[in-house]
Amino acid sequence: MMELLLSLEQAGQNLLGVFWLPLWTLVKIMVIVGPLMGAVAYLTLAERKVIGWMQIRIGPNRVGPLGLLQPLADGLKLLMKEIIIPAGSNKFLFVLGPVIALMPALAAWAVVPFNAELVLSNANAGLLYILAMTSLGVYGVIIAGWASNSKYAFLGALRSAAQIVSYEIAMGFALVCVLMAAQSMNLGDIVHGQQGRYGALNWYFIPLFPMFLVYFISGVAEANRAPFDVAEGESEIVAGFHVEYSGMAFALFFLAEYANMILIAFLTSIMFLGGWLSPVPFLPDSIVWIFAKVFFVLFLFLWFRATFPRYRYDQLMRLGWKVFIPLSIVWVVVVGAWMQTPLWVW
Amino acid sequence: MNFLDIVFYVFAAITVFAAMGVITSRNPVNAALFLVLAFCSSAGIWMLLEAEFLAIVLVLVYVGAVMVLFLFVVMMLDINLVRLREGFWRWFPFGAGLAGLMVFEMIYVLGARQTSDTVHAIVHPADYSNTKELGRLLYTDYVYPFELAAVLLLVAMVAAIALTLRRRAGVKTQNISEQVQVQAGDRVRIVKQMSAEGTGSATRK
């Protein structure tokens with residue numbers, strides 16, 4: 001398999017010269033983005049099914065066996081719908097908003113490793129890159145909210161801007177703890193740092209447990225998911241930033257949200273739950289493990305949505321600024337001191 | 001002309017275009033968004049120089065945080081464009097003089113001496129980590145300037161908070177810890193009420 005790829009690369013290099021590198025990278029990107037979009041489609045179905053079961057309903061069950069074709073029907077419906085651009089809106093930015101929302105959600109996948117070899121770009125500053133890309137996602141929301149020229153959309157955009165800026169700091173400090181423990185910002189090296197004889201006990205979620213919680217909860221907030229979805233808040237501001245959108249433009253926001261969820265799930269698995277490492281020493285490490293962990297974390301997202309009521313805006317700010325940021329700063333110091341002692345066994 | 005050269009010219013063109021947009025667009029929100037584009041494309045150019053830490057931190061700090069707050073403020077301002085452009089011709093000579101000075105400085109700094117022989121980025125081995133090198137320098141050779149800058153930022157932060165923190169009398173606030181600690185018994189009182197005699201078969205739970 002590896003030889004085949006190498007010879008293909010050689011042939012392409014000879015054939016296309018300068019243009020081979022962008023073309024080959026494009027092929028690799030498609031190999032990641034294609035399945036990701038499929039996963040997004042079926043995550044929407046899983047969400048409706050899981051929440052349905054939690055609320056003792058059936059969920060979608062009409063389109064195809066067990067409702068399995070529901071995402072295709074939804075996609076077709078959204079494609080066919082007319083995109084209405086409000087008369088008073090800034091037309092260019094109105095169209096650009098959903099595109100900007102989706103772009104960083106996909107770009108961050110460049111450095112996500114699936115196993116020891118399978119990664120698009122084995123960047124040394126992978127962790128920083130991830131943090132930068134996830135912080136860009138807010139622009140889609142802000143631009144969409146402002147360009148719609150609607151009060152509800154604008155309120156959603158403002159809420160989202162304040163929320164992202166608040167939670168990003170705590171998220172950054174949580175990642176600082178991870179990079180201190182792993183002594184690397186390369187996501188592959190972070191997983192290797194969690195390798196050891198005791199399986200799951202070597203993973204970082206044990207020494208960095210508070211940061212594990214901080215990161216995951218901030219991740220839920222950054223992905224604009226319930227219970228932190230104040231940017232949409234349909235009970236208060238109708239649908240927030242995407243109230244004026246319809247058809248495929250509206251669908252792009254959803255693609256971005258679910259792609260972000262899957263991304264956060266992958267990152268949580270990689271940084272705290274040992275990535276592709278096996279939880280028990282007698283089983284081999286494999287890509288199966290990372291998918292299992294991602295499924296578990298994604299289930300937590302759905303579980304949250306089904307069980308928690310939405311946070312009030314002041315509670316949200318309080319949690320970010322008065323709980324998470326002090327906690328994460330203290331834990332950076334704790335980890336730093338802990339690593340200087342022989343008690344640090346990770 | 002290899003692939004990296006093409007990428008450089010694309011990024012450079014976008015940066016210049018965006019920088020022009022910042023100063024020519026009439027709407028401040030558009031100007032701020034053009035500035036975001038300029039930051040992103042200059043981060044791309046830094047990335048080509050293998051300054052990955054600086055490039056990503058530029059996006060993370062300036063685009064991800066500073067410009068978000070900028071937009072936050074600019075969007076809420078009710079800006080009257082006519083008033084904004086009122087004194088244009090009166091201040092034009094001053095602005096033109098300042099621009100001329102800047103151009104002169106730029107030419108002087110980046111002038112013929114340095115660019116006479118083409119500058120190439122130093123090629124590093126694959127395991128070179130720009131972040132590690134920068135960290136090593138910052139915490140050894142430049143530790144005093146670094147700490148000084150940190151203290152300066154802390155002072156600025158404390159000052160900003162002190163300036164905006166006002167205690168006004170009669171403000172209605174919610175005591176969050178009280179709200180969190182509340183028990184069901186504090187809010188709901190269960191009263192056992194016997195139904196009146198002889199009213200039939202009213203069932204109670």
# chains A, B, ... in the order shown; residues from 1 in each chain; ligands from 1
$ residues_around --residues "Leu283 in chain A" --least-positions-apart "3" --cutoff "12 Å" --atoms "only C-alpha atoms" --output "list in words"
Arg197, Tyr198, Gly199, Ala200, Trp276, Leu277, Ser278, Pro279, Val280, Ser286, Val288 and Trp289 of chain A
$ write_last_selection --atoms "N, CA and C atoms" --output "PDB file, in the first residue's frame"
ATOM      1  N   ARG A 197       2.768   1.413  30.000  1.00  0.00           N
ATOM      2  CA  ARG A 197       2.469   0.016  30.287  1.00  0.00           C
ATOM      3  C   ARG A 197       1.061  -0.173  30.840  1.00  0.00           C
ATOM      4  N   TYR A 198       0.463   0.910  31.345  1.00  0.00           N
ATOM      5  CA  TYR A 198      -0.782   0.715  32.087  1.00  0.00           C
ATOM      6  C   TYR A 198      -2.022   1.114  31.299  1.00  0.00           C
ATOM      7  N   GLY A 199      -1.884   1.241  29.971  1.00  0.00           N
ATOM      8  CA  GLY A 199      -3.060   1.540  29.153  1.00  0.00           C
ATOM      9  C   GLY A 199      -3.697   2.859  29.529  1.00  0.00           C
ATOM     10  N   ALA A 200      -4.967   2.784  29.887  1.00  0.00           N
ATOM     11  CA  ALA A 200      -5.750   4.002  30.123  1.00  0.00           C
ATOM     12  C   ALA A 200      -5.201   4.840  31.270  1.00  0.00           C
ATOM     13  N   TRP A 276      -5.281   7.030  19.527  1.00  0.00           N
ATOM     14  CA  TRP A 276      -5.447   5.673  18.982  1.00  0.00           C
ATOM     15  C   TRP A 276      -4.868   4.605  19.911  1.00  0.00           C
ATOM     16  N   LEU A 277      -4.430   4.984  21.120  1.00  0.00           N
ATOM     17  CA  LEU A 277      -3.843   4.003  22.029  1.00  0.00           C
ATOM     18  C   LEU A 277      -4.940   3.137  22.643  1.00  0.00           C
ATOM     19  N   SER A 278      -4.577   1.909  22.902  1.00  0.00           N
ATOM     20  CA  SER A 278      -5.531   0.976  23.461  1.00  0.00           C
ATOM     21  C   SER A 278      -5.676   1.208  24.969  1.00  0.00           C
ATOM     22  N   PRO A 279      -6.888   1.116  25.513  1.00  0.00           N
ATOM     23  CA  PRO A 279      -7.076   1.376  26.944  1.00  0.00           C
ATOM     24  C   PRO A 279      -6.540   0.266  27.835  1.00  0.00           C
ATOM     25  N   VAL A 280      -6.365  -0.932  27.294  1.00  0.00           N
ATOM     26  CA  VAL A 280      -5.841  -2.045  28.097  1.00  0.00           C
ATOM     27  C   VAL A 280      -4.561  -2.539  27.419  1.00  0.00           C
ATOM     28  N   SER A 286      -4.815   0.889  17.784  1.00  0.00           N
ATOM     29  CA  SER A 286      -5.405   0.854  16.449  1.00  0.00           C
ATOM     30  C   SER A 286      -6.294   2.074  16.236  1.00  0.00           C
ATOM     31  N   VAL A 288      -9.174   2.025  15.417  1.00  0.00           N
ATOM     32  CA  VAL A 288     -10.517   1.737  15.941  1.00  0.00           C
ATOM     33  C   VAL A 288     -10.742   2.447  17.274  1.00  0.00           C
ATOM     34  N   TRP A 289      -9.681   2.496  18.095  1.00  0.00           N
ATOM     35  CA  TRP A 289      -9.841   3.084  19.429  1.00  0.00           C
ATOM     36  C   TRP A 289     -10.204   4.551  19.332  1.00  0.00           C
TER      37      TRP A 289
END
$ residues_around --residues "range 15-28 of chain B" --least-positions-apart "4" --cutoff "9 Å" --atoms "only C-alpha atoms" --output "list in words"
Val10, Phe11, Ala32, Leu33, Phe34, Leu35, Val36, Leu37, Ala38, Phe39, Cys40, Ser41, Ser42, Leu71, Val74, Met75, Ile79 and Leu81 of chain B
$ write_last_selection --atoms "all heavy atoms" --output "short mmCIF file (atom, residue, chain, number, x, y, z; two decimals), in the first residue's frame"
data_model
loop_
_atom_site.label_atom_id
_atom_site.label_comp_id
_atom_site.auth_asym_id
_atom_site.auth_seq_id
_atom_site.Cartn_x
_atom_site.Cartn_y
_atom_site.Cartn_z
N VAL B 10 0.82 35.35 -4.31
CA VAL B 10 -0.63 35.38 -4.05
C VAL B 10 -0.89 36.04 -2.69
O VAL B 10 -1.71 36.97 -2.58
CB VAL B 10 -1.20 33.95 -4.08
CG1 VAL B 10 -2.62 33.94 -3.55
CG2 VAL B 10 -1.18 33.41 -5.50
N PHE B 11 -0.17 35.59 -1.67
CA PHE B 11 -0.37 36.17 -0.33
C PHE B 11 -0.05 37.66 -0.32
O PHE B 11 -0.76 38.46 0.29
CB PHE B 11 0.49 35.45 0.71
CG PHE B 11 -0.12 34.20 1.23
CD1 PHE B 11 0.61 33.03 1.29
CD2 PHE B 11 -1.42 34.20 1.68
CE1 PHE B 11 0.05 31.87 1.78
CE2 PHE B 11 -2.00 33.04 2.17
CZ PHE B 11 -1.26 31.88 2.22
N ALA B 32 -12.64 46.92 9.16
CA ALA B 32 -12.13 45.97 10.16
C ALA B 32 -12.00 44.58 9.55
O ALA B 32 -11.02 43.87 9.81
CB ALA B 32 -13.07 45.94 11.36
N LEU B 33 -12.96 44.20 8.70
CA LEU B 33 -12.89 42.87 8.08
C LEU B 33 -11.73 42.79 7.10
O LEU B 33 -11.07 41.75 6.99
CB LEU B 33 -14.21 42.53 7.39
CG LEU B 33 -15.36 42.26 8.36
CD1 LEU B 33 -16.65 42.07 7.60
CD2 LEU B 33 -15.07 41.04 9.21
N PHE B 34 -11.46 43.91 6.40
CA PHE B 34 -10.29 43.94 5.51
C PHE B 34 -9.00 43.78 6.33
O PHE B 34 -8.06 43.10 5.90
CB PHE B 34 -10.24 45.25 4.73
CG PHE B 34 -10.94 45.19 3.41
CD1 PHE B 34 -11.94 46.08 3.10
CD2 PHE B 34 -10.58 44.24 2.47
CE1 PHE B 34 -12.59 46.02 1.88
CE2 PHE B 34 -11.21 44.18 1.25
CZ PHE B 34 -12.23 45.07 0.96
N LEU B 35 -8.99 44.38 7.51
CA LEU B 35 -7.80 44.25 8.36
C LEU B 35 -7.59 42.80 8.77
O LEU B 35 -6.47 42.30 8.81
CB LEU B 35 -7.97 45.15 9.59
CG LEU B 35 -6.73 45.34 10.45
CD1 LEU B 35 -5.59 45.87 9.62
CD2 LEU B 35 -7.02 46.31 11.58
N VAL B 36 -8.71 42.10 9.04
CA VAL B 36 -8.62 40.67 9.36
C VAL B 36 -7.98 39.91 8.21
O VAL B 36 -7.09 39.08 8.40
CB VAL B 36 -10.02 40.11 9.68
CG1 VAL B 36 -9.99 38.60 9.76
CG2 VAL B 36 -10.55 40.69 10.96
N LEU B 37 -8.44 40.23 6.99
CA LEU B 37 -7.89 39.57 5.80
C LEU B 37 -6.39 39.86 5.67
O LEU B 37 -5.59 38.96 5.37
CB LEU B 37 -8.64 40.05 4.55
CG LEU B 37 -8.22 39.43 3.23
CD1 LEU B 37 -8.39 37.93 3.27
CD2 LEU B 37 -9.02 40.01 2.08
N ALA B 38 -6.01 41.13 5.95
CA ALA B 38 -4.59 41.49 5.86
C ALA B 38 -3.77 40.69 6.87
O ALA B 38 -2.69 40.19 6.55
CB ALA B 38 -4.42 42.99 6.09
N PHE B 39 -4.30 40.56 8.10
CA PHE B 39 -3.60 39.78 9.12
C PHE B 39 -3.43 38.33 8.66
O PHE B 39 -2.34 37.75 8.79
CB PHE B 39 -4.37 39.79 10.43
CG PHE B 39 -4.16 41.03 11.25
CD1 PHE B 39 -5.22 41.61 11.92
CD2 PHE B 39 -2.91 41.60 11.37
CE1 PHE B 39 -5.03 42.75 12.69
CE2 PHE B 39 -2.71 42.73 12.14
CZ PHE B 39 -3.78 43.30 12.80
N CYS B 40 -4.51 37.76 8.14
CA CYS B 40 -4.46 36.34 7.75
C CYS B 40 -3.44 36.13 6.64
O CYS B 40 -2.65 35.18 6.69
CB CYS B 40 -5.83 35.87 7.28
SG CYS B 40 -6.97 35.65 8.63
N SER B 41 -3.43 37.02 5.64
CA SER B 41 -2.52 36.77 4.53
C SER B 41 -1.08 37.06 4.94
O SER B 41 -0.16 36.39 4.47
CB SER B 41 -2.93 37.57 3.30
OG SER B 41 -3.18 38.89 3.64
N SER B 42 -0.85 38.04 5.86
CA SER B 42 0.54 38.22 6.29
C SER B 42 0.99 37.05 7.17
O SER B 42 2.17 36.70 7.16
CB SER B 42 0.75 39.57 6.97
OG SER B 42 -0.34 39.91 7.75
N LEU B 71 -14.47 44.41 16.27
CA LEU B 71 -15.72 44.32 15.53
C LEU B 71 -16.91 44.50 16.47
O LEU B 71 -17.88 45.17 16.15
CB LEU B 71 -15.82 42.96 14.85
CG LEU B 71 -15.16 42.85 13.49
CD1 LEU B 71 -15.21 41.42 13.01
CD2 LEU B 71 -15.87 43.73 12.49
N VAL B 74 -17.12 48.19 17.02
CA VAL B 74 -17.43 48.95 15.80
C VAL B 74 -18.86 48.71 15.35
O VAL B 74 -19.57 49.61 14.91
CB VAL B 74 -16.42 48.59 14.70
CG1 VAL B 74 -16.89 49.09 13.36
CG2 VAL B 74 -15.06 49.16 15.02
N MET B 75 -19.32 47.45 15.48
CA MET B 75 -20.67 47.13 15.04
C MET B 75 -21.72 47.86 15.86
O MET B 75 -22.80 48.17 15.37
CB MET B 75 -20.91 45.62 15.19
CG MET B 75 -20.34 44.80 14.09
SD MET B 75 -20.62 43.09 14.49
CE MET B 75 -19.95 42.33 13.05
N ILE B 79 -22.37 55.16 13.45
CA ILE B 79 -21.41 56.09 12.87
C ILE B 79 -22.04 56.89 11.75
O ILE B 79 -22.64 56.34 10.82
CB ILE B 79 -20.17 55.32 12.35
CG1 ILE B 79 -19.44 54.74 13.55
CG2 ILE B 79 -19.24 56.23 11.59
CD1 ILE B 79 -18.39 53.76 13.18
N LEU B 81 -21.39 58.77 8.63
CA LEU B 81 -20.29 58.83 7.67
C LEU B 81 -20.03 60.26 7.20
O LEU B 81 -18.90 60.65 6.96
CB LEU B 81 -20.58 57.94 6.47
CG LEU B 81 -20.47 56.44 6.75
CD1 LEU B 81 -20.88 55.64 5.55
CD2 LEU B 81 -19.05 56.08 7.14
#
$ residues_around --residues "Ile51 in chain A" --least-positions-apart "2" --cutoff "10 Å" --atoms "only C-alpha atoms" --output "ChimeraX atom specification"
/A:45-49,53-59,302-307
$ atom_distance --atom1 "CA of Asp229 in chain A" --atom2 "CA of Lys293 in chain A"
24.0 Å
$ closest_atom_pairs --of "chain B" --to "chain A" --cutoff "6 Å" --atoms "only C-alpha atoms" --output "tab-separated table"
residue	atom	partner	partner_atom	distance
B:Phe3	CA	A:Val18	CA	5.8
B:Leu60	CA	A:Ala132	CA	4.3
B:Gly64	CA	A:Ser135	CA	5.0
$ residues_around --residues "Phe94 in chain A" --least-positions-apart "3" --cutoff "7 Å" --atoms "only C-alpha atoms" --output "mmCIF file with all heavy atoms, in the first residue's frame"
data_model
loop_
_atom_site.group_PDB
_atom_site.id
_atom_site.type_symbol
_atom_site.label_atom_id
_atom_site.label_comp_id
_atom_site.auth_asym_id
_atom_site.auth_seq_id
_atom_site.Cartn_x
_atom_site.Cartn_y
_atom_site.Cartn_z
ATOM 1 N N SER A 89 -29.853 43.898 3.685
ATOM 2 C CA SER A 89 -28.618 43.258 4.156
ATOM 3 C C SER A 89 -27.433 43.677 3.294
ATOM 4 O O SER A 89 -27.591 44.215 2.208
ATOM 5 C CB SER A 89 -28.770 41.743 4.083
ATOM 6 O OG SER A 89 -28.863 41.351 2.746
ATOM 7 N N ASN A 90 -26.261 43.404 3.814
ATOM 8 C CA ASN A 90 -25.032 43.574 3.039
ATOM 9 C C ASN A 90 -24.841 42.276 2.263
ATOM 10 O O ASN A 90 -24.464 41.261 2.831
ATOM 11 C CB ASN A 90 -23.866 43.830 3.993
ATOM 12 C CG ASN A 90 -22.587 44.108 3.271
ATOM 13 O OD1 ASN A 90 -22.358 43.589 2.188
ATOM 14 N ND2 ASN A 90 -21.746 44.913 3.863
ATOM 15 N N LYS A 91 -25.152 42.304 0.945
ATOM 16 C CA LYS A 91 -25.319 41.035 0.220
ATOM 17 C C LYS A 91 -24.041 40.203 0.176
ATOM 18 O O LYS A 91 -24.067 38.995 0.371
ATOM 19 C CB LYS A 91 -25.823 41.316 -1.195
ATOM 20 C CG LYS A 91 -27.274 41.711 -1.159
ATOM 21 C CD LYS A 91 -27.847 42.021 -2.503
ATOM 22 C CE LYS A 91 -29.244 42.565 -2.334
ATOM 23 N NZ LYS A 91 -29.300 43.759 -1.457
ATOM 24 N N GLY A 97 -20.753 34.941 5.067
ATOM 25 C CA GLY A 97 -20.855 34.479 6.462
ATOM 26 C C GLY A 97 -20.827 32.974 6.636
ATOM 27 O O GLY A 97 -19.932 32.439 7.305
ATOM 28 N N ALA A 144 -22.295 36.931 9.710
ATOM 29 C CA ALA A 144 -23.682 36.607 9.375
ATOM 30 C C ALA A 144 -24.635 37.474 10.181
ATOM 31 O O ALA A 144 -25.612 38.014 9.646
ATOM 32 C CB ALA A 144 -23.954 35.132 9.645
ATOM 33 N N ALA A 147 -24.371 41.196 8.872
ATOM 34 C CA ALA A 147 -24.800 41.409 7.492
ATOM 35 C C ALA A 147 -26.298 41.225 7.325
ATOM 36 O O ALA A 147 -26.888 41.790 6.412
ATOM 37 C CB ALA A 147 -24.047 40.468 6.556
ATOM 38 N N SER A 148 -26.944 40.417 8.197
ATOM 39 C CA SER A 148 -28.382 40.195 8.051
ATOM 40 C C SER A 148 -29.175 41.460 8.271
ATOM 41 O O SER A 148 -30.319 41.569 7.824
ATOM 42 C CB SER A 148 -28.863 39.157 9.060
ATOM 43 O OG SER A 148 -28.158 37.981 8.936
#
$ residues_around --residues "Val178 in chain A" --least-positions-apart "2" --cutoff "9 Å" --atoms "only C-alpha atoms" --output "PyMOL selection string"
chain A and resi 173-176+180-185+190+204+208+211+271-272
$ write_last_selection --atoms "C-alpha atoms" --output "PDB file, in the first residue's frame"
ATOM      1  CA  PHE A 173      -4.671  27.402  29.308  1.00  0.00           C
ATOM      2  CA  ALA A 174      -6.036  23.866  29.258  1.00  0.00           C
ATOM      3  CA  LEU A 175      -3.974  23.266  26.123  1.00  0.00           C
ATOM      4  CA  VAL A 176      -0.926  24.802  27.847  1.00  0.00           C
ATOM      5  CA  MET A 180       3.540  20.956  29.380  1.00  0.00           C
ATOM      6  CA  ALA A 181       2.731  17.333  30.088  1.00  0.00           C
ATOM      7  CA  ALA A 182       3.603  16.178  26.567  1.00  0.00           C
ATOM      8  CA  GLN A 183       6.461  18.668  26.091  1.00  0.00           C
ATOM      9  CA  SER A 184       5.355  19.050  22.498  1.00  0.00           C
ATOM     10  CA  MET A 185       2.734  20.827  20.428  1.00  0.00           C
ATOM     11  CA  ILE A 190       1.039  14.253  22.433  1.00  0.00           C
ATOM     12  CA  TYR A 204      -3.537  12.671  30.425  1.00  0.00           C
ATOM     13  CA  LEU A 208      -5.056  16.896  34.007  1.00  0.00           C
ATOM     14  CA  MET A 211      -8.331  20.634  32.444  1.00  0.00           C
ATOM     15  CA  MET A 271      -5.187  15.136  24.037  1.00  0.00           C
ATOM     16  CA  PHE A 272      -6.803  13.561  27.061  1.00  0.00           C
TER      17      PHE A 272
END
$ residues_around --residues "Glu52 in chain B" --least-positions-apart "6" --cutoff "8 Å" --atoms "only C-alpha atoms" --output "PDB file with C-alpha atoms, in the first residue's frame"
ATOM      1  CA  ALA A 125       2.851  23.694  16.072  1.00  0.00           C
TER       2      ALA A 125
ATOM      3  CA  TRP B  46       5.342  34.438   7.788  1.00  0.00           C
ATOM      4  CA  ASN B 130      10.375  27.473  15.658  1.00  0.00           C
ATOM      5  CA  THR B 131       8.324  27.617  18.859  1.00  0.00           C
TER       6      THR B 131
END
$ atom_distance --atom1 "CA of Val214 in chain A" --atom2 "CA of Gly172 in chain A"
10.1 Å
$ atom_distance --atom1 "CA of Lys28 in chain A" --atom2 "CA of Leu273 in chain A"
26.1 Å
$ decode --residues "range 247-329 of chain A" --atoms "C-alpha atoms" --output "short mmCIF file (atom, residue, chain, number, x, y, z; two decimals), in the first residue's frame"
data_model
loop_
_atom_site.label_atom_id
_atom_site.label_comp_id
_atom_site.auth_asym_id
_atom_site.auth_seq_id
_atom_site.Cartn_x
_atom_site.Cartn_y
_atom_site.Cartn_z
CA GLY A 247 -31.79 26.81 2.14
CA MET A 248 -28.18 25.81 1.64
CA ALA A 249 -26.76 28.93 3.33
CA PHE A 250 -28.57 27.83 6.49
CA ALA A 251 -27.33 24.28 6.00
CA LEU A 252 -23.71 25.48 5.88
CA PHE A 253 -24.01 26.79 9.45
CA PHE A 254 -25.20 23.38 10.52
CA LEU A 255 -22.41 21.63 8.65
CA ALA A 256 -19.95 23.91 10.46
CA GLU A 257 -21.51 23.26 13.85
CA TYR A 258 -21.44 19.50 13.48
CA ALA A 259 -17.97 19.48 11.92
CA ASN A 260 -16.82 21.49 14.94
CA MET A 261 -18.44 18.98 17.29
CA ILE A 262 -16.62 16.11 15.61
CA LEU A 263 -13.38 18.12 15.70
CA ILE A 264 -13.70 18.84 19.43
CA ALA A 265 -14.47 15.16 19.99
CA PHE A 266 -11.32 14.17 18.10
CA LEU A 267 -9.17 16.69 19.95
CA THR A 268 -10.50 15.64 23.34
CA SER A 269 -9.75 12.02 22.45
CA ILE A 270 -6.27 12.88 21.20
CA MET A 271 -5.19 15.14 24.04
CA PHE A 272 -6.80 13.56 27.06
CA LEU A 273 -8.01 10.08 26.13
CA GLY A 274 -4.93 8.68 24.45
CA GLY A 275 -5.96 8.97 20.78
CA TRP A 276 -5.45 5.67 18.98
CA LEU A 277 -3.84 4.00 22.03
CA SER A 278 -5.53 0.98 23.46
CA PRO A 279 -7.08 1.38 26.94
CA VAL A 280 -5.84 -2.05 28.10
CA PRO A 281 -2.25 -3.24 27.65
CA PHE A 282 -3.10 -6.62 26.09
CA LEU A 283 -4.90 -5.20 23.03
CA PRO A 284 -3.00 -3.55 20.14
CA ASP A 285 -3.21 0.17 19.42
CA SER A 286 -5.40 0.85 16.45
CA ILE A 287 -7.41 3.49 14.62
CA VAL A 288 -10.52 1.74 15.94
CA TRP A 289 -9.84 3.08 19.43
CA ILE A 290 -9.82 6.71 18.36
CA PHE A 291 -13.15 6.27 16.60
CA ALA A 292 -14.57 4.56 19.69
CA LYS A 293 -13.46 7.47 21.87
CA VAL A 294 -14.85 10.00 19.39
CA PHE A 295 -18.20 8.21 19.41
CA PHE A 296 -18.24 8.35 23.19
CA VAL A 297 -17.44 12.09 23.29
CA LEU A 298 -20.00 12.83 20.57
CA PHE A 299 -22.56 10.94 22.59
CA LEU A 300 -21.76 13.26 25.52
CA PHE A 301 -22.59 16.24 23.25
CA LEU A 302 -25.99 14.75 22.47
CA TRP A 303 -26.55 13.74 26.07
CA PHE A 304 -25.86 17.32 27.22
CA ARG A 305 -28.35 18.68 24.76
CA ALA A 306 -31.03 16.28 25.89
CA THR A 307 -30.56 16.87 29.62
CA PHE A 308 -29.36 20.40 30.41
CA PRO A 309 -31.42 23.58 30.14
CA ARG A 310 -29.75 26.49 28.36
CA TYR A 311 -27.40 28.64 30.44
CA ARG A 312 -28.48 32.16 31.20
CA TYR A 313 -26.09 34.67 29.66
CA ASP A 314 -24.66 35.97 32.94
CA GLN A 315 -24.19 32.41 34.22
CA LEU A 316 -22.27 31.64 31.05
CA MET A 317 -19.92 34.59 31.53
CA ARG A 318 -19.47 33.78 35.21
CA LEU A 319 -18.56 30.18 34.46
CA GLY A 320 -16.01 31.28 31.87
CA TRP A 321 -14.34 34.13 33.70
CA LYS A 322 -14.75 33.32 37.37
CA VAL A 323 -14.52 29.54 37.40
CA PHE A 324 -12.65 28.24 34.36
CA ILE A 325 -9.94 30.87 33.96
CA PRO A 326 -8.79 30.87 37.63
CA LEU A 327 -9.01 27.07 37.74
CA SER A 328 -6.94 26.66 34.59
CA ILE A 329 -4.28 29.19 35.69
#
